[in-house]
Amino acid sequence: MSLLVIAEHDNAVLKTATLNAVTAAAKIGGEIHILVAGAACGAVAEQAAKVAGVSKVRVADAAHYGDQTAENLAALIVANASGYSHILAPATSNGKNTLPRVAALLDVAQISEIISVVDADTFVRPIYAGNALATVKSSDATKVITVRTTGFDAAANSGGSAAVEALAASADLGQSKLLGRELTKSARPELGAAKIIVSGGRGMGSGENYHKVLEPLADKLGAAMGASRAAVDAGFVPNDYQVGQTGKIVAPQLYIAIGISGAIQHLAGMKDSKVIVAINKDPDAPIFQVADYGLVADLFTVVPELTAAL
Amino acid sequence: MKILVPVKRVIDYNVKVRVKADGTGVDLANVKMSMNPFDEIAVEEAMRLKEAGKATEVVAVSCGLTACQETLRTAMAIGADRSILVETDVELQPLAVAKLLAAVAKKEAPQLIILGKQAIDDDANQTGQMLAALLGWSQATFASKVVIGEGKATVTREVDGGLETIEISLPAIVTTDLRLNEPRYATLPNIMKAKKKPLEVLKPADLGVDVTPRLATVTVTEPPKRSAGIKVADVAALVDKLKNEAKVIA
């Protein structure tokens with residue numbers, strides 16, 4: 001049995017999310033291959049070849065894979081799908097964009113955002129914003145799966161020595177074209193990979209307050225910064241800060257929720273964090289029901305105090 | 001240009017979900033059902049395109065139980081011109097829905113299909129992409145801005161690192177993210193008007209689609225409960241707990 005993991009990368013660096021998907025593949029069992037599709041992505045292939053447990057890296061290097069458009073990527077994956085029992089990708093925005101297209105072209109179901117593997121056909125996935133866990137069994141010949149990265153540890157990114165093989169590119173379908181990206185530039189760790197996250201909600205009152213109050217704390221802790229949907233909708237911070245059912249799913253060692261009331265859609269994105277701290281002036285805020293340590297106080301007073309005390 | 005807007009009837013987003021004791025699913029008996037919130041955004045976007053003169057007709061489609069007629073009436077109260085229900089009692093999974101929608105799209109020949117990016121019940125986030133694949137169309141998922149041009153659309157997408165803008169050729173699939181728009185409330189006169197708008201009912205067999213589920217649900221369970229911890233009195237106590245009890249900071 002062979003499994004194909006689709007690499008998440010930016011043509012230069014293999015993203016950690018790929019390593020979580022490799023671990024999910026290893027739990028299923030079998031020979032693991034990684035597909036790297038990109039433009040001038042040789043460095044990514046080299047990194048993929050070093051991932052522990054991977055036996056082959058297949059590289060499709062062509063200009064029309066550089067921007068990871070779903071139409072071209074899906075066509076490539078389908079053209080190279082034969083012989084694989086499982087095709088996996090991390091449940092990143094790229095993975096979620098491309099893999100259902102692959103599944104439909106193969107006429108199989110997709111199993112979205114698995115958090116554990118029961119056996120080669122059976123997987124656990126959250127439904128209803130994580131308020132229930134469904135164990136589902138697939139009857140399809142090929143299992144197409146997206147992997148929730150918080151459900152699986154990252155495979156080691158060294159120690160492997162996979163063979164690297166070039167793949168012929170499929171034709172450019174020319175259906176979509178990237179015009180531009182506005183990516184948030186930050187020296188902080190990525191939300192998905194951070195050990196500590198400082199997150200702000202509506203209680204911050206404004207974008208200015210969000211940055212003025214939370215940044216010094218995040219700097220002190222070396223933390224990534226997140227936000228609730230309310231804070232994003234209010235325009236305090238960009239969309240990529242959002243933690244929750246439809247934003248990013250995170251599970252850091254420490255999650256500090258500040259001025260966040262704790263709507264179920266937000267809890268869905270962070271309740272698997274190891275330790276949760278909540279700071280909110282409303283003692284009845286639902287966030288306190290999941291917090292290990294709650295501090296009922298005015299955030300504008302205690303957050304600077306906390307920053308100073310660390 | 002005609003726009004097709006698929007809508008799904010789901011548990012209302014304010015309802016607290018309860019897992020059934022026998023592990024077969026969640027309890028939907030006597031629970032308030034509504035249109036999937038992302039689909040409301042899709043209907044709203046279609047209406048805005050119509051009001052801007054970019055679209056001529058908006059057709060809502062739903063697949064599932066007879067009760068989905070209510071969801072279609074809601075879509076027509078927001079403004080959809082007419083609707084189609086593909087009626088079945090079979091549990092529909094995303095691939096089956098995508099096949100039904102592809103069959104409807106072949107009959108209706110829309111230039112644009114706008115769907116919610118995911119339904120808040122199964123959180124699958126698949127149907128739009130699958131539909132695009134089955135039709136061989138381009139796709140722009142997780143949209144926060146849609147601009148229709150000549151034979152193409154420019155769509156801004158919410159992606160992991162921020163925003164990305166792509167140009168797609170029409171016909172195309174767009175799936176909505178939260179910040180695409182704020183859906184309007186249906187007014188009472190429009191709710192009354194919606195009752196008289198045409199609603200066509202089809203069966204999967206009429207469309208020649210096999211809707212047999214591919215995934216069997218083995219069990220549905222409660223997630224492990226996270227118990228509430230303690231309230232600390234002040235910052236000093238919090239720092240002490242984090243350093244010495246939880247040991248998550250040095």
# chains A, B, ... in the order shown; residues from 1 in each chain; ligands from 1

call {"tool": "interface_residues", "arguments": {"of": "chain B", "to": "chain A", "cutoff": "7 Å", "atoms": "only C-alpha atoms", "output": "PyMOL selection string"}}
result
chain B and resi 17+19+95+120-124+126+129-130+133-134+138+141+158-169+214-223+226-235+248

call {"tool": "residues_around", "arguments": {"residues": "Gly79 of chain B", "least_positions_apart": "5", "cutoff": "12 Å", "atoms": "only C-alpha atoms", "output": "PyMOL selection string"}}
result
chain B and resi 5+40+42-51+57-60+72-74+183-187+189-195+197

call {"tool": "closest_residue", "arguments": {"among": "B:Leu131, B:Ile78, B:Val31, B:Val86", "to": "Ser62 of chain B", "atoms": "only C-alpha atoms"}}
result
B:Val86

call {"tool": "select_by_dssp", "arguments": {"residues": "segment 151-203 of chain B", "states": "strand (DSSP E)", "output": "NGL selection string"}}
result
:B and (152-159 or 162-169 or 172-176 or 199-202)

call {"tool": "closest_residue", "arguments": {"among": "B:Lys8, B:Lys152, B:Lys20, B:Arg179", "to": "Gln139 of chain B", "atoms": "only C-alpha atoms"}}
result
B:Lys152

call {"tool": "residues_around", "arguments": {"residues": "Gln47 of chain A", "least_positions_apart": "2", "cutoff": "10 Å", "atoms": "only C-alpha atoms", "output": "NGL selection string"}}
result
:A and (12-15 or 42-45 or 49-51 or 57 or 157-158 or 160-162)

call {"tool": "write_last_selection", "arguments": {"atoms": "N, CA and C atoms", "output": "compact mmCIF listing (two decimals), in the first residue's frame"}}
result
# COMPACT_ATOMS: atom_id res chain seq x y z
N ALA A 12 9.91 27.66 -1.77
CA ALA A 12 11.23 27.76 -1.16
C ALA A 12 11.33 26.89 0.08
N VAL A 13 10.26 26.90 0.87
CA VAL A 13 10.28 26.21 2.16
C VAL A 13 9.11 25.24 2.26
N LEU A 14 9.42 24.02 2.72
CA LEU A 14 8.37 23.04 3.00
C LEU A 14 7.71 23.43 4.32
N LYS A 15 6.37 23.64 4.31
CA LYS A 15 5.69 24.10 5.52
C LYS A 15 5.48 22.93 6.49
N GLY A 42 12.90 23.16 -6.35
CA GLY A 42 13.88 22.12 -6.05
C GLY A 42 14.27 22.09 -4.58
N ALA A 43 14.37 23.27 -3.96
CA ALA A 43 14.76 23.32 -2.55
C ALA A 43 13.71 22.61 -1.68
N VAL A 44 12.44 22.76 -2.06
CA VAL A 44 11.36 22.11 -1.30
C VAL A 44 11.48 20.59 -1.42
N ALA A 45 11.79 20.13 -2.64
CA ALA A 45 11.94 18.69 -2.86
C ALA A 45 13.07 18.13 -1.99
N ALA A 49 12.68 15.33 0.92
CA ALA A 49 13.42 14.06 0.87
C ALA A 49 14.04 13.73 2.22
N LYS A 50 14.21 14.74 3.07
CA LYS A 50 14.83 14.51 4.39
C LYS A 50 13.81 14.15 5.47
N VAL A 51 12.53 14.24 5.14
CA VAL A 51 11.50 13.97 6.15
C VAL A 51 11.53 12.49 6.52
N VAL A 57 10.02 11.18 -3.17
CA VAL A 57 9.49 12.53 -3.40
C VAL A 57 9.29 12.68 -4.89
N ASN A 157 11.91 16.46 10.47
CA ASN A 157 12.28 16.99 9.15
C ASN A 157 13.73 16.66 8.80
N SER A 158 14.27 15.68 9.50
CA SER A 158 15.62 15.24 9.14
C SER A 158 15.70 13.73 9.36
N GLY A 160 15.61 11.41 7.01
CA GLY A 160 15.12 10.65 5.86
C GLY A 160 16.06 10.79 4.67
N SER A 161 15.94 9.89 3.73
CA SER A 161 16.75 10.03 2.50
C SER A 161 15.94 9.44 1.35
N ALA A 162 14.85 10.10 1.04
CA ALA A 162 13.96 9.61 0.00
C ALA A 162 14.55 9.86 -1.38

call {"tool": "atom_distance", "arguments": {"atom1": "atom CA of Ser273 of chain A", "atom2": "atom CA of Lys16 of chain B"}}
result
21.8 Å

call {"tool": "residues_around", "arguments": {"residues": "Ile87 of chain A", "least_positions_apart": "6", "cutoff": "6 Å", "atoms": "only C-alpha atoms", "output": "list in words"}}
result
Leu3, Leu4, Val5 and Val144 of chain A

call {"tool": "select_by_dssp", "arguments": {"residues": "segment 12-249 of chain B", "states": "alpha helix (DSSP H)", "output": "NGL selection string"}}
result
:B and (37-51 or 68-78 or 94-108 or 127-135 or 188-194 or 235-240)

call {"tool": "residues_around", "arguments": {"residues": "segment 210-212 of chain A", "least_positions_apart": "5", "cutoff": "7 Å", "atoms": "only C-alpha atoms", "output": "list of chain:residue names"}}
result
A:Gly200, A:Met204, A:Phe236

call {"tool": "residues_around", "arguments": {"residues": "Asp89 of chain B", "least_positions_apart": "4", "cutoff": "10 Å", "atoms": "only C-alpha atoms", "output": "PyMOL selection string"}}
result
chain B and resi 63-66

call {"tool": "write_last_selection", "arguments": {"atoms": "C-alpha atoms", "output": "short mmCIF file (atom, residue, chain, number, x, y, z; two decimals), in the first residue's frame"}}
result
data_model
loop_
_atom_site.label_atom_id
_atom_site.label_comp_id
_atom_site.auth_asym_id
_atom_site.auth_seq_id
_atom_site.Cartn_x
_atom_site.Cartn_y
_atom_site.Cartn_z
CA CYS B 63 -31.03 19.16 -1.93
CA GLY B 64 -32.60 17.06 0.79
CA LEU B 65 -35.83 16.66 2.71
CA THR B 66 -39.17 18.25 1.84
#

call {"tool": "atom_distance", "arguments": {"atom1": "atom CA of Ala143 of chain B", "atom2": "atom CA of Gly207 of chain A"}}
result
23.1 Å

call {"tool": "residues_around", "arguments": {"residues": "Arg188 of chain A", "least_positions_apart": "3", "cutoff": "8 Å", "atoms": "only C-alpha atoms", "output": "number ranges by chain"}}
result
A: 222-225

call {"tool": "write_last_selection", "arguments": {"atoms": "C-alpha atoms", "output": "compact mmCIF listing (two decimals), in the first residue's frame"}}
result
# COMPACT_ATOMS: atom_id res chain seq x y z
CA GLY A 222 7.77 35.06 21.81
CA ALA A 223 4.13 34.37 21.01
CA ALA A 224 2.04 34.39 17.84
CA MET A 225 -0.97 36.72 17.81

call {"tool": "closest_residue", "arguments": {"among": "B:Pro213, B:Pro37, B:Pro198, B:Gly151", "to": "Gln118 of chain B", "atoms": "only C-alpha atoms"}}
result
B:Pro37
